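Structure file protein_33.cif with mmCIF, C-alpha atoms:
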data_protein
#
loop_
_atom_site.label_atom_id
_atom_site.label_comp_id
_atom_site.auth_asym_id
_atom_site.auth_seq_id
_atom_site.Cartn_x
_atom_site.Cartn_y
_atom_site.Cartn_z
CA MET A 789 -134.03 64.38 -120.48
CA ARG A 790 -136.65 62.46 -118.53
CA TYR A 791 -140.26 61.67 -119.41
CA ILE A 792 -142.96 60.48 -117.03
CA LEU A 793 -145.55 58.14 -118.47
CA ALA A 794 -148.58 57.14 -116.41
CA VAL A 795 -149.64 54.06 -118.32
CA ILE A 796 -151.08 50.98 -116.64
CA ILE A 797 -151.30 47.65 -118.44
CA PHE A 798 -152.96 44.39 -117.46
CA GLY A 799 -154.76 45.78 -114.41
CA ASN A 800 -152.26 47.12 -111.88
CA THR A 801 -149.06 46.01 -113.62
CA LEU A 802 -146.76 48.89 -114.55
CA PHE A 803 -143.74 48.83 -116.85
CA ALA A 804 -141.14 46.29 -115.84
CA ASN A 805 -137.44 46.99 -116.10
CA LEU A 806 -137.01 47.20 -119.85
CA ALA A 807 -134.78 49.05 -122.31
CA PHE A 808 -134.68 49.49 -126.08
CA LEU A 809 -133.25 51.61 -128.88
CA GLY A 810 -135.69 54.41 -129.67
CA LEU A 811 -135.55 56.70 -132.69
CA ILE A 812 -135.89 60.20 -131.23
CA ASP A 813 -135.37 63.31 -133.36
CA SER A 814 -133.97 61.11 -136.16
CA ARG A 815 -131.29 59.63 -133.87
CA TRP A 816 -131.25 56.23 -132.18
CA GLN A 817 -131.00 56.53 -128.40
CA ILE A 818 -131.05 54.12 -125.46
CA VAL A 819 -134.39 54.35 -123.63
CA VAL A 820 -134.99 52.80 -120.19
CA LEU A 821 -138.44 52.02 -118.77
CA ASP A 822 -138.33 51.35 -115.04
CA ASP A 823 -140.92 49.52 -112.95
CA ASN A 824 -142.37 52.81 -111.67
CA GLY A 825 -143.55 53.72 -115.17
CA SER A 826 -140.93 56.42 -115.80
CA ILE A 827 -138.92 56.70 -119.01
CA GLU A 828 -135.34 57.92 -119.24
CA THR A 829 -132.97 58.35 -122.18
CA ILE A 830 -129.28 57.54 -121.68
CA SER A 831 -126.87 60.01 -123.25
CA THR A 832 -124.19 58.48 -125.50
CA GLN A 833 -121.30 60.18 -127.30
CA LEU A 834 -122.07 58.36 -130.55
CA GLU A 835 -125.23 56.80 -131.96
CA PRO A 836 -125.71 53.23 -130.65
CA HIS A 837 -126.29 50.34 -133.05
CA SER A 838 -126.83 47.73 -130.32
CA PHE A 839 -126.51 47.80 -126.54
CA ASP A 840 -127.10 46.18 -123.17
CA TYR A 841 -127.88 47.54 -119.71
CA ASN A 842 -127.02 45.87 -116.40
CA SER A 843 -128.85 47.16 -113.32
CA LEU A 844 -126.62 45.27 -110.83
CA SER A 845 -123.45 47.04 -111.94
CA ASN A 846 -125.29 50.13 -113.25
CA ARG A 847 -123.36 49.82 -116.50
CA VAL A 848 -124.33 50.36 -120.12
CA VAL A 849 -122.38 48.87 -123.01
CA TYR A 850 -123.04 49.71 -126.64
CA MET A 851 -121.67 49.28 -130.14
CA ALA A 852 -121.20 52.77 -131.53
CA SER A 853 -121.53 54.13 -135.05
CA ASP A 854 -117.71 54.04 -135.40
CA GLU A 855 -117.88 50.26 -134.61
CA SER A 856 -116.20 50.62 -131.24
CA LEU A 857 -117.47 48.95 -128.06
CA ARG A 858 -118.13 51.59 -125.40
CA LEU A 859 -118.87 51.35 -121.69
CA ILE A 860 -120.82 53.90 -119.65
CA GLU A 861 -120.24 53.76 -115.90
CA ASN A 862 -120.77 56.47 -113.26
CA LYS A 863 -121.83 58.84 -116.09
CA LYS A 864 -118.43 58.40 -117.75
CA GLU A 865 -117.96 56.80 -121.15
CA ARG A 866 -114.89 54.99 -122.42
CA VAL A 867 -113.88 52.76 -125.32
CA ILE A 868 -113.10 49.18 -124.30
CA LEU A 869 -112.66 47.70 -127.78
CA LYS A 870 -111.86 49.22 -131.16
CA ARG A 871 -112.51 47.70 -134.54
CA ASP A 872 -109.52 46.26 -136.38
CA LYS A 873 -109.81 44.03 -139.46
CA ASP A 874 -112.61 42.21 -137.62
CA SER A 875 -115.78 43.88 -136.34
CA TYR A 876 -118.05 43.30 -133.34
CA ILE A 877 -121.81 43.43 -132.78
CA GLN A 878 -124.58 42.55 -130.30
CA PRO A 879 -123.00 43.00 -126.83
CA LYS A 880 -124.58 41.25 -123.83
CA PHE A 881 -123.57 41.55 -120.16
CA SER A 882 -122.99 38.63 -117.85
CA LYS A 883 -125.51 38.55 -114.99
CA ASN A 884 -123.18 40.45 -112.64
CA GLY A 885 -122.15 42.96 -115.30
CA GLU A 886 -118.45 42.13 -115.00
CA LYS A 887 -118.11 40.55 -118.44
CA VAL A 888 -119.41 41.35 -121.91
CA TYR A 889 -120.25 38.75 -124.54
CA MET A 890 -120.44 39.77 -128.19
CA VAL A 891 -120.26 38.52 -131.75
CA LYS A 892 -116.93 38.78 -133.55
CA LEU A 893 -117.34 39.02 -137.33
CA PHE A 894 -114.21 37.89 -139.14
CA ASP A 895 -113.08 40.44 -141.74
CA GLY A 896 -116.21 42.40 -140.90
CA THR A 897 -118.61 40.00 -142.65
CA SER A 898 -121.25 37.60 -141.33
CA LYS A 899 -119.94 34.60 -143.28
CA ASN A 900 -118.04 33.40 -140.22
CA SER A 901 -118.16 34.53 -136.61
CA ASP A 902 -117.41 33.59 -133.00
CA ILE A 903 -118.96 34.66 -129.73
CA ILE A 904 -116.31 36.05 -127.42
CA GLU A 905 -116.16 37.14 -123.78
CA ILE A 906 -114.34 40.21 -122.47
CA ASP A 907 -113.56 40.77 -118.80
CA ILE A 908 -114.17 44.49 -118.22
CA LYS A 909 -111.61 44.84 -115.43
CA SER A 910 -108.71 42.84 -116.91
CA LYS A 911 -109.66 43.52 -120.55
CA LYS A 912 -108.80 39.90 -121.31
CA SER A 913 -110.87 38.17 -123.96
CA LYS A 914 -111.54 34.57 -124.92
CA ILE A 915 -113.64 32.61 -127.39
CA VAL A 916 -116.85 31.14 -125.92
CA VAL A 917 -118.58 29.77 -129.02
CA ASN A 918 -116.58 28.69 -132.07
CA GLN A 919 -118.38 26.66 -134.74
CA ARG A 920 -117.88 26.38 -138.50
CA SER A 921 -120.75 28.75 -139.20
CA THR A 922 -122.11 32.10 -138.10
CA GLN A 923 -123.04 32.61 -134.43
CA LEU A 924 -125.22 35.59 -133.50
CA GLU A 925 -127.37 37.10 -130.75
CA PRO A 926 -125.88 35.73 -127.51
CA PHE A 927 -128.22 35.54 -124.53
CA ILE A 928 -126.73 34.83 -121.09
CA SER A 929 -129.15 33.24 -118.64
CA ASP A 930 -126.66 32.67 -115.80
CA SER A 931 -122.93 32.11 -115.16
CA LYS A 932 -122.73 28.94 -117.23
CA ASN A 933 -125.47 28.96 -119.89
CA ILE A 934 -125.41 30.84 -123.18
CA TYR A 935 -128.06 30.70 -125.90
CA TYR A 936 -127.43 31.92 -129.43
CA THR A 937 -128.55 31.88 -133.05
CA ASN A 938 -126.59 29.57 -135.33
CA VAL A 939 -126.87 30.46 -139.02
CA ILE A 940 -126.65 27.16 -140.87
CA CYS A 941 -126.88 28.36 -144.46
CA THR A 942 -125.94 31.83 -145.76
CA ILE A 943 -124.43 31.15 -149.21
CA GLY A 944 -126.26 29.43 -152.06
CA CYS A 945 -129.49 29.21 -150.05
CA ARG A 946 -132.86 30.43 -151.18
CA ASP A 947 -133.49 31.69 -147.65
CA ILE A 948 -131.33 32.11 -144.58
CA ILE A 949 -131.68 29.08 -142.32
CA SER A 950 -130.88 29.54 -138.63
CA GLU A 951 -131.64 27.69 -135.42
CA ILE A 952 -131.29 28.31 -131.67
CA TRP A 953 -128.43 26.58 -129.85
CA HIS A 954 -127.38 26.29 -126.21
CA LYS A 955 -123.91 25.89 -124.77
CA ASN A 956 -122.73 25.16 -121.25
CA ILE A 957 -119.79 27.54 -120.88
CA ILE A 958 -118.22 25.45 -118.10
CA SER A 959 -118.38 22.01 -119.71
CA GLY A 960 -118.14 23.24 -123.30
CA GLU A 961 -121.06 21.06 -124.37
CA ALA A 962 -123.28 22.57 -127.07
CA LYS A 963 -126.55 21.35 -128.53
CA GLN A 964 -129.20 22.49 -131.00
CA LEU A 965 -132.56 23.37 -129.42
CA THR A 966 -134.79 24.11 -132.40
CA LEU A 967 -135.26 22.35 -135.72
CA THR A 968 -137.45 24.57 -137.89
CA ASN A 969 -135.50 24.86 -141.19
CA LEU A 970 -136.55 28.51 -141.09
CA THR A 971 -135.03 31.80 -139.99
CA THR A 972 -135.27 31.28 -136.24
CA GLN A 973 -133.57 33.96 -134.16
CA GLN A 974 -133.40 36.30 -131.13
CA PRO A 975 -133.36 33.77 -128.28
CA SER A 976 -134.17 34.70 -124.68
CA VAL A 977 -134.89 32.61 -121.59
CA ASP A 978 -137.14 33.47 -118.62
CA SER A 979 -135.67 34.01 -115.15
CA GLU A 980 -136.62 30.49 -114.04
CA SER A 981 -134.91 28.94 -117.10
CA LYS A 982 -138.14 27.07 -117.87
CA ASN A 983 -138.93 28.52 -121.29
CA LEU A 984 -137.06 29.65 -124.37
CA TYR A 985 -138.58 32.47 -126.43
CA PHE A 986 -137.62 33.27 -130.01
CA SER A 987 -138.83 34.77 -133.30
CA SER A 988 -139.35 32.61 -136.41
CA ASN A 989 -140.85 33.10 -139.87
CA SER A 990 -143.24 30.17 -140.25
CA ASP A 991 -144.96 32.18 -143.01
CA GLU A 992 -144.13 35.51 -144.65
CA PHE A 993 -144.13 37.15 -141.22
CA PHE A 994 -142.09 36.57 -138.05
CA HIS A 995 -143.96 35.40 -134.95
CA ILE A 996 -143.02 34.80 -131.32
CA TYR A 997 -142.71 31.22 -130.09
CA ARG A 998 -142.15 29.60 -126.71
CA TYR A 999 -140.32 26.33 -126.15
CA ASN A 1000 -140.81 24.60 -122.79
CA PHE A 1001 -137.62 22.80 -121.77
CA GLU A 1002 -139.35 20.24 -119.54
CA LYS A 1003 -142.22 19.32 -121.85
CA LYS A 1004 -140.15 19.84 -125.01
CA GLU A 1005 -143.16 21.53 -126.58
CA TYR A 1006 -143.48 24.55 -128.87
CA GLN A 1007 -146.26 27.13 -128.66
CA GLN A 1008 -146.88 29.99 -131.05
CA MET A 1009 -147.46 33.13 -128.97
CA THR A 1010 -148.34 35.68 -131.67
CA LYS A 1011 -150.01 35.59 -135.06
CA ALA A 1012 -150.57 38.81 -136.96
CA GLU A 1013 -149.80 40.28 -140.35
CA ALA A 1014 -146.69 41.85 -138.86
CA SER A 1015 -143.16 40.82 -137.92
CA ASP A 1016 -142.72 40.23 -134.19
CA GLY A 1017 -139.28 40.05 -132.63
CA PHE A 1018 -137.00 40.66 -129.63
CA PRO A 1019 -139.06 38.67 -127.07
CA ILE A 1020 -138.21 39.32 -123.41
CA LYS A 1021 -140.06 37.74 -120.46
CA ILE A 1022 -140.10 39.90 -117.32
CA LYS A 1023 -142.08 38.59 -114.36
CA ASP A 1024 -145.53 37.67 -115.71
CA THR A 1025 -145.31 39.62 -118.96
CA LEU A 1026 -143.73 38.80 -122.31
CA TYR A 1027 -142.63 41.93 -124.16
CA PHE A 1028 -141.77 42.11 -127.86
CA VAL A 1029 -141.44 44.55 -130.76
CA ARG A 1030 -144.00 44.48 -133.58
CA GLN A 1031 -142.88 45.80 -136.97
CA MET A 1032 -145.65 46.81 -139.39
CA GLY A 1033 -144.16 48.32 -142.53
CA THR A 1034 -142.21 51.37 -141.42
CA LYS A 1035 -143.92 51.49 -138.02
CA SER A 1036 -142.86 49.67 -134.87
CA LYS A 1037 -144.69 49.15 -131.58
CA LEU A 1038 -143.88 47.87 -128.10
CA MET A 1039 -146.22 44.97 -127.34
CA ALA A 1040 -146.89 42.76 -124.33
CA ILE A 1041 -148.58 39.44 -123.58
CA ASP A 1042 -149.87 38.61 -120.10
CA ASN A 1043 -150.22 35.12 -118.58
CA GLY A 1044 -153.71 34.84 -120.04
CA GLY A 1045 -152.39 35.27 -123.57
CA ASN A 1046 -153.84 38.77 -123.99
CA VAL A 1047 -151.82 40.88 -126.43
CA LYS A 1048 -151.74 44.64 -125.95
CA GLU A 1049 -149.79 47.60 -127.24
CA ILE A 1050 -147.76 49.64 -124.74
CA PRO A 1051 -148.13 53.38 -125.53
CA LEU A 1052 -144.87 55.30 -125.78
CA PRO A 1053 -144.12 59.04 -125.71
CA GLN A 1054 -144.88 60.79 -128.98
CA ASN A 1055 -141.22 61.71 -129.49
CA VAL A 1056 -140.26 58.03 -129.88
CA GLU A 1057 -140.69 57.41 -133.62
CA LYS A 1058 -139.54 53.77 -133.80
CA ILE A 1059 -138.15 51.11 -131.47
CA ARG A 1060 -135.91 48.05 -131.82
CA TYR A 1061 -133.47 45.88 -129.88
CA LEU A 1062 -135.45 45.14 -126.71
CA ARG A 1063 -133.48 44.30 -123.52
CA SER A 1064 -134.32 43.50 -119.90
CA ILE A 1065 -132.32 45.41 -117.30
#

What do you get writing this file as structure tokens?
Amino acid sequence: MRYILAVIIFGNTLFANLAFLGLIDSRWQIVVLDDNGSIETISTQLEPHSFDYNSLSNRVVYMASDESLRLIENKKERVILKRDKDSYIQPKFSKNGEKVYMVKLFDGTSKNSDIIEIDIKSKKSKIVVNQRSTQLEPFISDSKNIYYTNVICTIGCRDIISEIWHKNIISGEAKQLTLTNLTTQQPSVDSESKNLYFSSNSDEFFHIYRYNFEKKEYQQMTKAEASDGFPIKIKDTLYFVRQMGTKSKLMAIDNGGNVKEIPLPQNVEKIRYLRSI
């Protein structure tokens, strides 16, 4: 089913290439917004819990409700990984769409995890990030750089403490990028690799922050009585999801810092898990 939406934001700027999970008719579905302003839902055999879309390879990968990893290519769907004693979440394509990175939860719990890589063609897998803690939310900026959330304290803590880390996949060198002592999560990097975007709860709500790699400076991008997450920078616009109670909205910030809501079709009840495509 395809919906056409004639919405213009920030002057003459239309929707960029963006995808998210949308709750439609009480079922989560993958929704794609292309740069012409059209909206398309992608049919899946099972309900997706998380996903990624790669426009170069025209592939979709998603974690299904039966905890299997499934690939959609040329309108055909197949299972590329089944759950065993361990489980898997949060898939992310490499830039060329030939590999998938995801979180491996040992014994199906978040107490300990690795980030692994699977080659779609050979089906071979290997560990990419392995630390004595929980690693989540991989973001691949190019062929050698991976950003992820490292959960420092999950047991015996008043609150979950997590920070954003970076690892050079080629050299194996990893380093911590943020030091907030808060729940800092959902990293993404712009196409020029100049800025890191993430969500962090500096008060009772989550807000979007930007970290400039060159200046080593933080800037708070949003501040509202709502929880903002899943930041994605596409061209000159930063998109994110705003959660207000049981309601969620697609939001955008232009280069001038103006924050606006992006209207969605009435059949989309909620949104989450924002991705660029």

- Message: If we count only C-alpha atoms and set the cut-off at 9 Å, which residues sit around Arg871 of chain A, ignoring sequence neighbours fewer than 5 positions away in its own chain? Please answer as a PyMOL selection string.
- Response: chain A and resi 854-857+876

- Give me the residues within 9 Å of Gln919 of chain A as a PyMOL selection string, counting all atoms listed in the file and dropping any in the same chain fewer than 4 places off. chain A and resi 900-902+923+938

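Of the listed residues (A:Thr1034, A:Lys1004, A:Met851, A:Asp822), A:Lys1004 comes nearest to Lys982 of chain A; the distances count all atoms listed in the file.
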
- Message: With distances taken over all atoms listed in the file, which residue among A:Val1029, A:Val849, A:Ile928, A:Val867 lies nearest Pro879 of chain A?
- Response: A:Val849

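Comparing the minimum interatomic distances between Asp978 of chain A and each of A:Asp1024, A:Glu1013, A:Asp872, A:Glu951, counting all atoms listed in the file, we find that A:Asp1024 sits nearest.
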
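When only C-alpha atoms are used to measure the gap to Leu869 of chain A, the shortest distance among A:Ile1050, A:Val891, A:Ile906, A:Val977 belongs to A:Ile906.
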
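Shortest atom-to-atom contact with Phe1018 of chain A among A:Lys883, A:Lys870, A:Lys1035, A:His995: A:His995, counting all atoms listed in the file.
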
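Residue nearest Ser1064 of chain A, chosen from A:Leu859, A:Ile996, A:Val819, A:Ile948 and counting all atoms listed in the file: A:Val819.
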
- Message: Which residues are close to Trp816 of chain A, i.e. within 8 Å by all atoms listed in the file, leaving aside same-chain residues fewer than 5 positions away? Reply as a PyMOL selection string.
- Response: chain A and resi 809-811+835-837

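Once the PyMOL selection byres ((chain A and resi 1019) around 10) is applied to this file, the selection holds Gln974, Pro975, Ser976, Val977, Leu984, Tyr985, Phe986, Ser987, His995, Ile996, Tyr997, Arg998, Asp1016, Gly1017, Phe1018, Ile1020, Lys1021, Ile1022, Leu1026, Tyr1027, Phe1028, Val1029, Met1039, Ala1040, Tyr1061, Leu1062, Arg1063 and Ser1064 of chain A.
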
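Evaluating the PyMOL selection byres ((chain A and resi 907) around 12) against the shown model yields Ile868, Leu869, Phe881, Ser882, Asn884, Gly885, Glu886, Lys887, Val888, Tyr889, Met890, Ile904, Glu905, Ile906, Ile908, Lys909, Ser910, Lys911, Lys912, Ser913, Lys914 and Ile915 of chain A.
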
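From atom CA of Thr937 of chain A back to atom CA of Leu924 of chain A, the distance works out to 5.0 Å.
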
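Residues matched by the PyMOL selection byres ((chain A and resi 971) around 10) in this file are Thr937, Asn938, Val939, Ile940, Cys941, Asp947, Ile948, Ile949, Ser950, Glu951, Ile952, Thr968, Asn969, Leu970, Thr972, Gln973, Ser987, Ser988, Asn989, Ser990 and Phe994 of chain A.
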